[in-house]
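Chemist: Sharing model_12.cif, mmCIF, C-alpha atoms:
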```cif
data_query
#
loop_
_atom_site.group_PDB
_atom_site.id
_atom_site.type_symbol
_atom_site.label_atom_id
_atom_site.label_comp_id
_atom_site.auth_asym_id
_atom_site.auth_seq_id
_atom_site.Cartn_x
_atom_site.Cartn_y
_atom_site.Cartn_z
ATOM 1 C CA PRO A 1 45.843 67.695 89.607
ATOM 2 C CA CYS A 2 47.391 66.503 92.863
ATOM 3 C CA ILE A 3 44.403 64.263 93.596
ATOM 4 C CA VAL A 4 44.529 62.800 90.089
ATOM 5 C CA SER A 5 48.280 62.220 90.430
ATOM 6 C CA VAL A 6 47.858 60.409 93.758
ATOM 7 C CA TYR A 7 44.989 58.313 92.374
ATOM 8 C CA TYR A 8 47.036 57.393 89.306
ATOM 9 C CA GLN A 9 50.059 56.469 91.446
ATOM 10 C CA ASN A 10 47.882 54.274 93.691
ATOM 11 C CA LEU A 11 46.465 52.585 90.623
ATOM 12 C CA ILE A 12 49.989 51.850 89.369
ATOM 13 C CA ASN A 13 51.004 50.509 92.780
ATOM 14 C CA PHE A 14 47.950 48.241 92.932
ATOM 15 C CA SER A 15 48.632 46.953 89.422
ATOM 16 C CA PHE A 16 52.247 46.239 90.370
ATOM 17 C CA PHE A 17 51.142 44.472 93.573
ATOM 18 C CA PHE A 18 48.545 42.371 91.719
ATOM 19 C CA THR A 19 51.060 41.394 89.040
ATOM 20 C CA SER A 20 53.665 40.463 91.652
ATOM 21 C CA MET A 21 51.096 38.397 93.553
ATOM 22 C CA ILE A 22 50.182 36.431 90.419
ATOM 23 C CA LYS A 23 53.849 35.791 89.619
ATOM 24 C CA SER A 24 54.391 34.505 93.143
ATOM 25 C CA ILE A 25 51.589 31.919 92.883
ATOM 26 C CA PRO A 26 53.134 28.446 92.466
ATOM 27 C CA ALA A 27 52.628 27.029 88.990
ATOM 28 C CA LEU A 28 50.270 24.311 90.187
ATOM 29 C CA SER A 29 47.211 25.356 88.173
ATOM 30 C CA TRP A 30 48.071 22.618 85.659
ATOM 31 C CA PHE A 31 47.401 19.983 88.338
ATOM 32 C CA PHE A 32 43.920 21.318 89.086
ATOM 33 C CA LEU A 33 43.119 21.708 85.387
ATOM 34 C CA PHE A 34 44.148 18.092 84.834
ATOM 35 C CA ALA A 35 41.925 16.924 87.713
ATOM 36 C CA PHE A 36 38.977 19.018 86.518
ATOM 37 C CA ALA A 37 39.386 17.698 82.954
ATOM 38 C CA PHE A 38 39.381 14.116 84.213
ATOM 39 C CA ASN A 39 36.143 14.873 86.048
ATOM 40 C CA GLY A 40 34.752 16.163 82.746
ATOM 41 C CA LEU A 41 35.558 12.881 81.019
ATOM 42 C CA LEU A 42 33.562 11.081 83.704
ATOM 43 C CA ALA A 43 30.505 13.259 83.031
ATOM 44 C CA ILE A 44 30.908 12.659 79.284
ATOM 45 C CA SER A 45 30.981 8.886 79.826
ATOM 46 C CA ILE A 46 27.732 9.039 81.807
ATOM 47 C CA LEU A 47 26.034 11.181 79.154
ATOM 48 C CA ILE A 48 27.024 8.805 76.352
ATOM 49 C CA PHE A 49 26.719 5.376 77.966
ATOM 50 C CA LYS A 50 24.221 5.802 80.807
ATOM 51 C CA ASN A 51 21.758 8.433 79.633
ATOM 52 C CA LYS A 52 19.343 6.703 77.250
ATOM 53 C CA THR A 53 17.095 9.712 76.532
ATOM 54 C CA LEU A 54 17.651 12.473 73.975
ATOM 55 C CA ARG A 55 20.791 10.830 72.641
ATOM 56 C CA VAL A 56 21.539 13.491 70.015
ATOM 57 C CA ALA A 57 21.154 16.348 72.507
ATOM 58 C CA ASN A 58 23.314 14.550 75.059
ATOM 59 C CA SER A 59 25.949 13.858 72.396
ATOM 60 C CA LEU A 60 26.088 17.588 71.641
ATOM 61 C CA LEU A 61 26.465 18.362 75.344
ATOM 62 C CA ALA A 62 29.186 15.708 75.592
ATOM 63 C CA LEU A 63 30.980 17.307 72.610
ATOM 64 C CA ASN A 64 31.022 20.680 74.379
ATOM 65 C CA LEU A 65 32.309 19.146 77.617
ATOM 66 C CA LEU A 66 34.892 17.143 75.657
ATOM 67 C CA ALA A 67 36.253 20.266 73.974
ATOM 68 C CA ILE A 68 36.658 22.200 77.224
ATOM 69 C CA SER A 69 38.143 19.146 78.973
ATOM 70 C CA LEU A 70 40.674 18.564 76.182
ATOM 71 C CA SER A 71 41.588 22.261 76.292
ATOM 72 C CA ALA A 72 42.254 21.924 80.015
ATOM 73 C CA PHE A 73 44.363 18.815 79.344
ATOM 74 C CA THR A 74 46.397 20.747 76.774
ATOM 75 C CA VAL A 75 47.033 23.646 79.158
ATOM 76 C CA SER A 76 47.993 21.305 82.016
ATOM 77 C CA MET A 77 50.332 19.269 79.805
ATOM 78 C CA VAL A 78 52.090 22.378 78.468
ATOM 79 C CA GLU A 79 52.470 23.941 81.916
ATOM 80 C CA SER A 80 53.772 20.703 83.440
ATOM 81 C CA GLY A 81 56.089 20.018 80.503
ATOM 82 C CA LEU A 82 54.459 16.642 79.802
ATOM 83 C CA ILE A 83 53.581 17.810 76.306
ATOM 84 C CA LEU A 84 57.270 17.405 75.375
ATOM 85 C CA GLN A 85 56.798 13.658 75.817
ATOM 86 C CA VAL A 86 53.714 13.537 73.568
ATOM 87 C CA PRO A 87 54.167 16.409 71.077
ATOM 88 C CA HIS A 88 51.698 14.916 68.615
ATOM 89 C CA TYR A 89 48.864 15.734 71.051
ATOM 90 C CA TYR A 90 49.619 19.460 70.751
ATOM 91 C CA ARG A 91 46.843 21.354 68.933
ATOM 92 C CA LEU A 92 44.997 18.070 68.324
ATOM 93 C CA PRO A 93 41.769 19.301 70.022
ATOM 94 C CA SER A 94 41.722 22.613 68.083
ATOM 95 C CA PRO A 95 38.950 21.674 65.583
ATOM 96 C CA ILE A 96 36.851 20.229 68.423
ATOM 97 C CA VAL A 97 37.109 23.559 70.253
ATOM 98 C CA TYR A 98 35.631 25.242 67.152
ATOM 99 C CA ALA A 99 32.701 22.807 67.370
ATOM 100 C CA MET A 100 31.975 23.258 71.090
ATOM 101 C CA PHE A 101 29.954 26.478 70.871
ATOM 102 C CA PRO A 102 27.711 25.415 67.954
ATOM 103 C CA ALA A 103 27.242 22.110 69.781
ATOM 104 C CA VAL A 104 26.000 23.733 72.992
ATOM 105 C CA TYR A 105 23.684 26.059 71.012
ATOM 106 C CA LEU A 106 22.138 23.113 69.194
ATOM 107 C CA TYR A 107 21.931 21.214 72.496
ATOM 108 C CA VAL A 108 19.871 24.030 74.031
ATOM 109 C CA LYS A 109 17.727 24.243 70.908
ATOM 110 C CA LEU A 110 16.930 20.516 70.896
ATOM 111 C CA ILE A 111 16.099 20.520 74.612
ATOM 112 C CA LEU A 112 13.782 23.514 74.355
ATOM 113 C CA THR A 113 12.012 22.259 71.211
ATOM 114 C CA ASP A 114 11.864 18.682 72.536
ATOM 115 C CA ARG A 115 13.549 17.237 69.446
ATOM 116 C CA ASN A 116 15.984 14.355 69.210
ATOM 117 C CA HIS A 117 17.452 14.992 65.786
ATOM 118 C CA LEU A 118 19.183 17.749 63.863
ATOM 119 C CA GLU A 119 17.874 19.148 60.621
ATOM 120 C CA LYS A 120 20.223 19.008 57.650
ATOM 121 C CA LYS A 121 20.796 22.783 57.602
ATOM 122 C CA GLU A 122 21.790 22.741 61.276
ATOM 123 C CA TYR A 123 24.895 20.698 60.461
ATOM 124 C CA LEU A 124 26.241 23.828 58.722
ATOM 125 C CA HIS A 125 27.059 25.179 62.187
ATOM 126 C CA PHE A 126 29.987 22.745 62.245
ATOM 127 C CA LEU A 127 31.454 24.024 58.967
ATOM 128 C CA PRO A 128 34.082 26.256 60.703
ATOM 129 C CA ALA A 129 35.301 23.211 62.648
ATOM 130 C CA LEU A 130 35.613 21.221 59.416
ATOM 131 C CA VAL A 131 37.497 24.044 57.693
ATOM 132 C CA HIS A 132 39.836 24.327 60.664
ATOM 133 C CA LEU A 133 40.456 20.568 60.585
ATOM 134 C CA ILE A 134 41.531 20.880 56.935
ATOM 135 C CA GLU A 135 43.652 23.906 57.858
ATOM 136 C CA MET A 136 45.405 22.046 60.678
ATOM 137 C CA THR A 137 46.014 18.816 58.753
ATOM 138 C CA PRO A 138 49.505 19.849 57.476
ATOM 139 C CA PHE A 139 50.544 20.576 61.067
ATOM 140 C CA TYR A 140 49.195 17.221 62.262
ATOM 141 C CA LEU A 141 51.246 15.498 59.550
ATOM 142 C CA SER A 142 54.410 17.448 60.330
ATOM 143 C CA SER A 143 57.422 15.951 62.061
ATOM 144 C CA THR A 144 58.036 15.734 65.781
ATOM 145 C CA GLU A 145 60.808 18.345 65.505
ATOM 146 C CA VAL A 146 58.441 20.914 63.985
ATOM 147 C CA LYS A 147 55.841 20.333 66.681
ATOM 148 C CA LEU A 148 58.452 20.639 69.414
ATOM 149 C CA GLN A 149 59.451 24.041 68.013
ATOM 150 C CA PHE A 150 55.841 25.243 68.289
ATOM 151 C CA ILE A 151 55.564 23.817 71.802
ATOM 152 C CA GLN A 152 58.748 25.523 72.970
ATOM 153 C CA MET A 153 57.481 28.808 71.547
ATOM 154 C CA ALA A 154 54.228 28.373 73.492
ATOM 155 C CA MET A 155 56.101 27.540 76.678
ATOM 156 C CA SER A 156 58.372 30.578 76.403
ATOM 157 C CA GLN A 157 55.594 32.890 77.610
ATOM 158 C CA ARG A 158 52.412 31.831 79.383
ATOM 159 C CA ILE A 159 49.996 33.876 77.280
ATOM 160 C CA ASN A 160 51.420 32.301 74.108
ATOM 161 C CA LEU A 161 49.676 29.107 75.127
ATOM 162 C CA TYR A 162 46.425 30.802 74.129
ATOM 163 C CA ALA A 163 47.892 33.006 71.431
ATOM 164 C CA ALA A 164 50.244 30.757 69.458
ATOM 165 C CA SER A 165 49.582 30.639 65.728
ATOM 166 C CA GLU A 166 47.381 27.886 64.351
ATOM 167 C CA GLY A 167 47.048 26.886 60.719
ATOM 168 C CA TRP A 168 46.967 29.685 58.167
ATOM 169 C CA LEU A 169 46.078 32.553 60.490
ATOM 170 C CA PRO A 170 48.464 34.578 62.684
ATOM 171 C CA ALA A 171 48.784 34.285 66.440
ATOM 172 C CA TYR A 172 45.747 35.213 68.547
ATOM 173 C CA VAL A 173 43.304 35.179 65.613
ATOM 174 C CA HIS A 174 41.764 31.725 65.959
ATOM 175 C CA ASN A 175 41.086 32.092 69.666
ATOM 176 C CA ILE A 176 39.641 35.567 69.105
ATOM 177 C CA ILE A 177 37.301 34.069 66.497
ATOM 178 C CA ARG A 178 36.337 31.331 68.962
ATOM 179 C CA GLY A 179 35.668 33.987 71.580
ATOM 180 C CA PHE A 180 33.321 35.934 69.325
ATOM 181 C CA LEU A 181 31.576 32.702 68.305
ATOM 182 C CA ALA A 182 31.042 31.859 71.984
ATOM 183 C CA ILE A 183 29.492 35.280 72.642
ATOM 184 C CA LEU A 184 27.241 35.167 69.565
ATOM 185 C CA TYR A 185 25.997 31.662 70.319
ATOM 186 C CA ALA A 186 25.448 32.565 73.983
ATOM 187 C CA VAL A 187 23.250 35.492 72.925
ATOM 188 C CA ALA A 188 21.264 33.177 70.630
ATOM 189 C CA MET A 189 20.922 30.616 73.437
ATOM 190 C CA TRP A 190 19.702 33.241 75.897
ATOM 191 C CA LYS A 191 17.059 34.439 73.403
ATOM 192 C CA LEU A 192 15.839 30.871 72.921
ATOM 193 C CA ILE A 193 15.545 30.357 76.671
ATOM 194 C CA ARG A 194 13.706 33.637 77.218
ATOM 195 C CA LYS A 195 11.288 32.925 74.375
ATOM 196 C CA THR A 196 10.535 29.479 75.789
ATOM 197 C CA VAL A 197 9.942 30.811 79.312
ATOM 198 C CA GLN A 198 7.682 33.598 78.043
ATOM 199 C CA ARG A 199 5.690 31.155 75.934
ATOM 200 C CA ASN A 200 5.215 28.722 78.824
ATOM 201 C CA HIS A 201 4.078 30.664 81.865
ATOM 202 C CA VAL A 202 3.238 27.502 83.796
ATOM 203 C CA ILE A 203 6.381 25.361 83.884
ATOM 204 C CA LEU A 204 6.682 22.132 85.830
ATOM 205 C CA LEU A 205 9.176 22.072 88.695
ATOM 206 C CA SER A 206 11.422 19.589 86.882
ATOM 207 C CA TYR A 207 11.373 21.776 83.767
ATOM 208 C CA ARG A 208 12.378 24.800 85.846
ATOM 209 C CA THR A 209 15.443 22.830 86.925
ATOM 210 C CA VAL A 210 16.346 22.307 83.272
ATOM 211 C CA ILE A 211 15.838 26.009 82.512
ATOM 212 C CA LYS A 212 18.141 26.986 85.385
ATOM 213 C CA TRP A 213 20.775 24.559 84.080
ATOM 214 C CA LEU A 214 20.519 25.941 80.541
ATOM 215 C CA LYS A 215 20.867 29.517 81.814
ATOM 216 C CA ALA A 216 23.911 28.626 83.911
ATOM 217 C CA PHE A 217 25.518 26.771 81.013
ATOM 218 C CA THR A 218 24.846 29.721 78.691
ATOM 219 C CA LEU A 219 26.546 32.137 81.091
ATOM 220 C CA ILE A 220 29.568 29.846 81.451
ATOM 221 C CA ASN A 221 30.075 29.636 77.677
ATOM 222 C CA ALA A 222 29.591 33.400 77.369
ATOM 223 C CA SER A 223 32.248 33.934 80.066
ATOM 224 C CA LEU A 224 34.715 31.789 78.126
ATOM 225 C CA GLY A 225 34.126 33.876 75.019
ATOM 226 C CA ILE A 226 34.407 37.219 76.799
ATOM 227 C CA ALA A 227 37.627 36.151 78.548
ATOM 228 C CA LEU A 228 39.210 35.081 75.247
ATOM 229 C CA VAL A 229 38.250 38.281 73.415
ATOM 230 C CA VAL A 230 39.269 40.675 76.201
ATOM 231 C CA CYS A 231 42.525 38.932 77.170
ATOM 232 C CA LEU A 232 43.718 38.519 73.584
ATOM 233 C CA ILE A 233 42.679 41.939 72.260
ATOM 234 C CA VAL A 234 43.458 44.212 75.225
ATOM 235 C CA ILE A 235 47.208 43.635 75.148
ATOM 236 C CA ALA A 236 47.749 46.632 77.452
ATOM 237 C CA ILE A 237 46.901 44.287 80.333
ATOM 238 C CA PRO A 238 50.105 42.552 81.565
ATOM 239 C CA ALA A 239 50.565 39.059 80.164
ATOM 240 C CA ASP A 240 50.641 37.445 83.613
ATOM 241 C CA ILE A 241 47.268 38.941 84.513
ATOM 242 C CA ARG A 242 45.742 37.899 81.183
ATOM 243 C CA SER A 243 47.090 34.380 81.591
ATOM 244 C CA PHE A 244 45.745 34.246 85.149
ATOM 245 C CA ILE A 245 42.268 35.333 83.997
ATOM 246 C CA LEU A 246 42.221 32.797 81.167
ATOM 247 C CA HIS A 247 43.347 30.001 83.483
ATOM 248 C CA ALA A 248 40.715 30.943 86.069
ATOM 249 C CA VAL A 249 37.872 31.129 83.541
ATOM 250 C CA LEU A 250 38.983 27.868 81.924
ATOM 251 C CA SER A 251 39.000 26.173 85.339
ATOM 252 C CA ILE A 252 35.506 27.481 86.061
ATOM 253 C CA GLY A 253 34.351 26.415 82.605
ATOM 254 C CA VAL A 254 35.503 22.864 83.291
ATOM 255 C CA LEU A 255 34.550 22.594 86.954
ATOM 256 C CA VAL A 256 31.132 24.258 87.260
ATOM 257 C CA PRO A 257 29.204 22.405 84.502
ATOM 258 C CA ASN A 258 30.494 19.024 85.640
ATOM 259 C CA PHE A 259 29.672 19.524 89.304
ATOM 260 C CA TYR A 260 26.320 21.093 88.377
ATOM 261 C CA LEU A 261 25.471 17.950 86.419
ATOM 262 C CA PHE A 262 26.628 15.637 89.212
ATOM 263 C CA PHE A 263 24.409 17.494 91.690
ATOM 264 C CA ARG A 264 21.488 17.343 89.229
ATOM 265 C CA PRO A 265 21.279 13.613 88.422
ATOM 266 C CA GLU A 266 17.874 14.136 86.755
ATOM 267 C CA ILE A 267 19.762 16.023 84.017
ATOM 268 C CA LEU A 268 22.951 13.969 83.885
ATOM 269 C CA TYR A 269 21.224 10.566 83.893
#
```
Any chance you could give the structure as C-alpha cells?

Modeler:
Amino acid sequence: PCIVSVYYQNLINFSFFFTSMIKSIPALSWFFLFAFAFNGLLAISILIFKNKTLRVANSLLALNLLAISLSAFTVSMVESGLILQVPHYYRLPSPIVYAMFPAVYLYVKLILTDRNHLEKKEYLHFLPALVHLIEMTPFYLSSTEVKLQFIQMAMSQRINLYAASEGWLPAYVHNIIRGFLAILYAVAMWKLIRKTVQRNHVILLSYRTVIKWLKAFTLINASLGIALVVCLIVIAIPADIRSFILHAVLSIGVLVPNFYLFFRPEILY
C-alpha cells in the first residue's frame, strides 16, 4: 500500500508539473499555425494550377489540405483575437472539414486504381458535408452580434475552440463524429494500400515513393481522428493538456504533408 501511495502521489505531481508547464508556454501557437496554414495554401495552388496529371485526384488532395489549412487559420485567428474583426469567417470551414476525410480516401483510391474520375456512387461520401452545410446555413445567415457571442464563448476556454456547439448538435458532437470518420477512412485507406502492395510484388522505385507517401498521409489523418476522439471524450484529462495535444496534432497535420510534398516534387508536380 505504501508503494502504491507513493506511485500515485508521484503521478499526481507529474500531472501537476506537466499542466503547469503547458500553462506557462507563451500563447504563440497561433502564429505557427497561421504560418503552416499559409504554407498549405501554397501546396494547394501548385496541385491545382501546376500539376496537370490526375486532376480529379489532385483536387481531392487539395480539398483535404484546404480543410486542414482553414482549420489552422480558424484556430490561429481565435487565439490571436483577430476573429473578432472578421466574425463571419467563424465556423465557415466546418462543412469542408467534414469533406476532408472522404476526399483523402477517394484520393488514395484513385491513385491506387489509376483512375482520373469518380463514379456516381462515390459522391455519396460527401453527403455528410452537404447535410452539415444545410445545418450551418442559419448560423451563416445570423447577425454579427450572434456570431460574436459564439466566438466569445469559444475564447473563454481553450478547449471550447474544438468543442463549441455547431448547428443542431450539442458541443463536442460534430468534432467527435469527424474524429470517428477520420479513423474509419484511415482504416479503409490502409487496407487499400496493403491490398495493392500484396497484389504487386514488383513495384517500380517511383511507385514505392508514392506508396510511402500514401502510408504517411494515412497515418497523419488517423492521428487527427484519434486526437479528436480521445481529447473530446476523455474529459478527465485537464483541458489545458487536451488543448495542447489538439494544437500539436493539428500543427503536425498541417506541416508534415506540405513539407513531405515539397520534398517530393515528383508527387507535388

Chemist: Would you list the contacts of A:Pro138 as a VMD selection string, taking every protein, DNA or RNA residue within 12 Å and counting all atoms listed in the file, but skipping same-chain residues closer than 3 positions in sequence?

Modeler: chain A and resid 91 to 92 132 to 135 141 to 143 146 to 147 166 to 168

Chemist: From the options A:Ile237, A:Leu228, A:Gly81, A:Tyr207, which residue's atoms come nearest to A:Glu266, counting all atoms listed in the file?

Modeler: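 Of all the options, A:Tyr207 lies closest to A:Glu266.
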
Chemist: Pick the closest to A:Leu124 from A:Ile193, A:Met153, A:Ala99, A:Leu148: which is it, counting all atoms listed in the file?

Modeler: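 Of all the options, A:Ala99 lies closest to A:Leu124.
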
Chemist: Name the closest residue to A:Val131 among the candidates A:Leu184, A:Ile220, A:Ile96, A:Ile211; distances are taken between atoms, counting all atoms listed in the file.

Modeler: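 Checking each candidate against A:Val131, we get A:Ile96 as the closest.
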
Chemist: Which residues, written as a list in words, have at least one atom at most 7 Å from A:Val229, with only C-alpha atoms counted and residues fewer than 4 positions away on the same chain left out?

Modeler: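 In the requested form, the answer reads Ile176, Gly179, Phe180, Gly225 and Ile233 of chain A.
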
Chemist: Do you know which residues the PyMOL selection byres ((chain A and resi 57) around 12) returns on this file, as a ChimeraX atom specification?

Modeler: /A:47-48,51-56,58-64,103-118,267-268

Chemist: For A:Phe73, which residue among A:Val254, A:Ala188, A:Ile151, A:Leu261 is the nearest when counting all atoms listed in the file?

Modeler: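 Among the listed residues, the smallest separation from A:Phe73 belongs to A:Val254.
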
Chemist: Once the PyMOL selection byres ((chain A and resi 265) around 12) has been applied to the shown file, what residues remain in the selection, as a ChimeraX atom specification?

Modeler: /A:43,46-47,50-51,206,209-210,213,258-264,266-269

Chemist: Please put the answer as lines of an AutoDock Vina configuration file: centre and edge lengths, in Å with one decimal, of a box along x, y and z that encloses all listed atoms of stretch 234-240 of chain A plus 5 Å on each side.

Modeler:
```
center_x = 47.0
center_y = 42.0
center_z = 79.4
size_x = 17.2
size_y = 19.2
size_z = 18.5
```

Chemist: For A:Val187, which residue among A:Ala154, A:Ile226, A:Leu169, A:Ala239 is the nearest when counting all atoms listed in the file?

Modeler: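 The closest residue to A:Val187 is A:Ile226.
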
Chemist: Skipping near chain neighbours, those fewer than 6 positions away, what residues fall within 9 Å of A:Tyr89 using all atoms listed in the file, listed as a PDB file with C-alpha atoms, in the frame of the given file?

Modeler:
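Printed below is selection-v9.pdb as written:
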```pdb
ATOM      1  CA  THR A  74      46.397  20.747  76.774  1.00  0.00           C
ATOM      2  CA  ILE A  83      53.581  17.810  76.306  1.00  0.00           C
ATOM      3  CA  TYR A 140      49.195  17.221  62.262  1.00  0.00           C
TER       4      TYR A 140
END
```
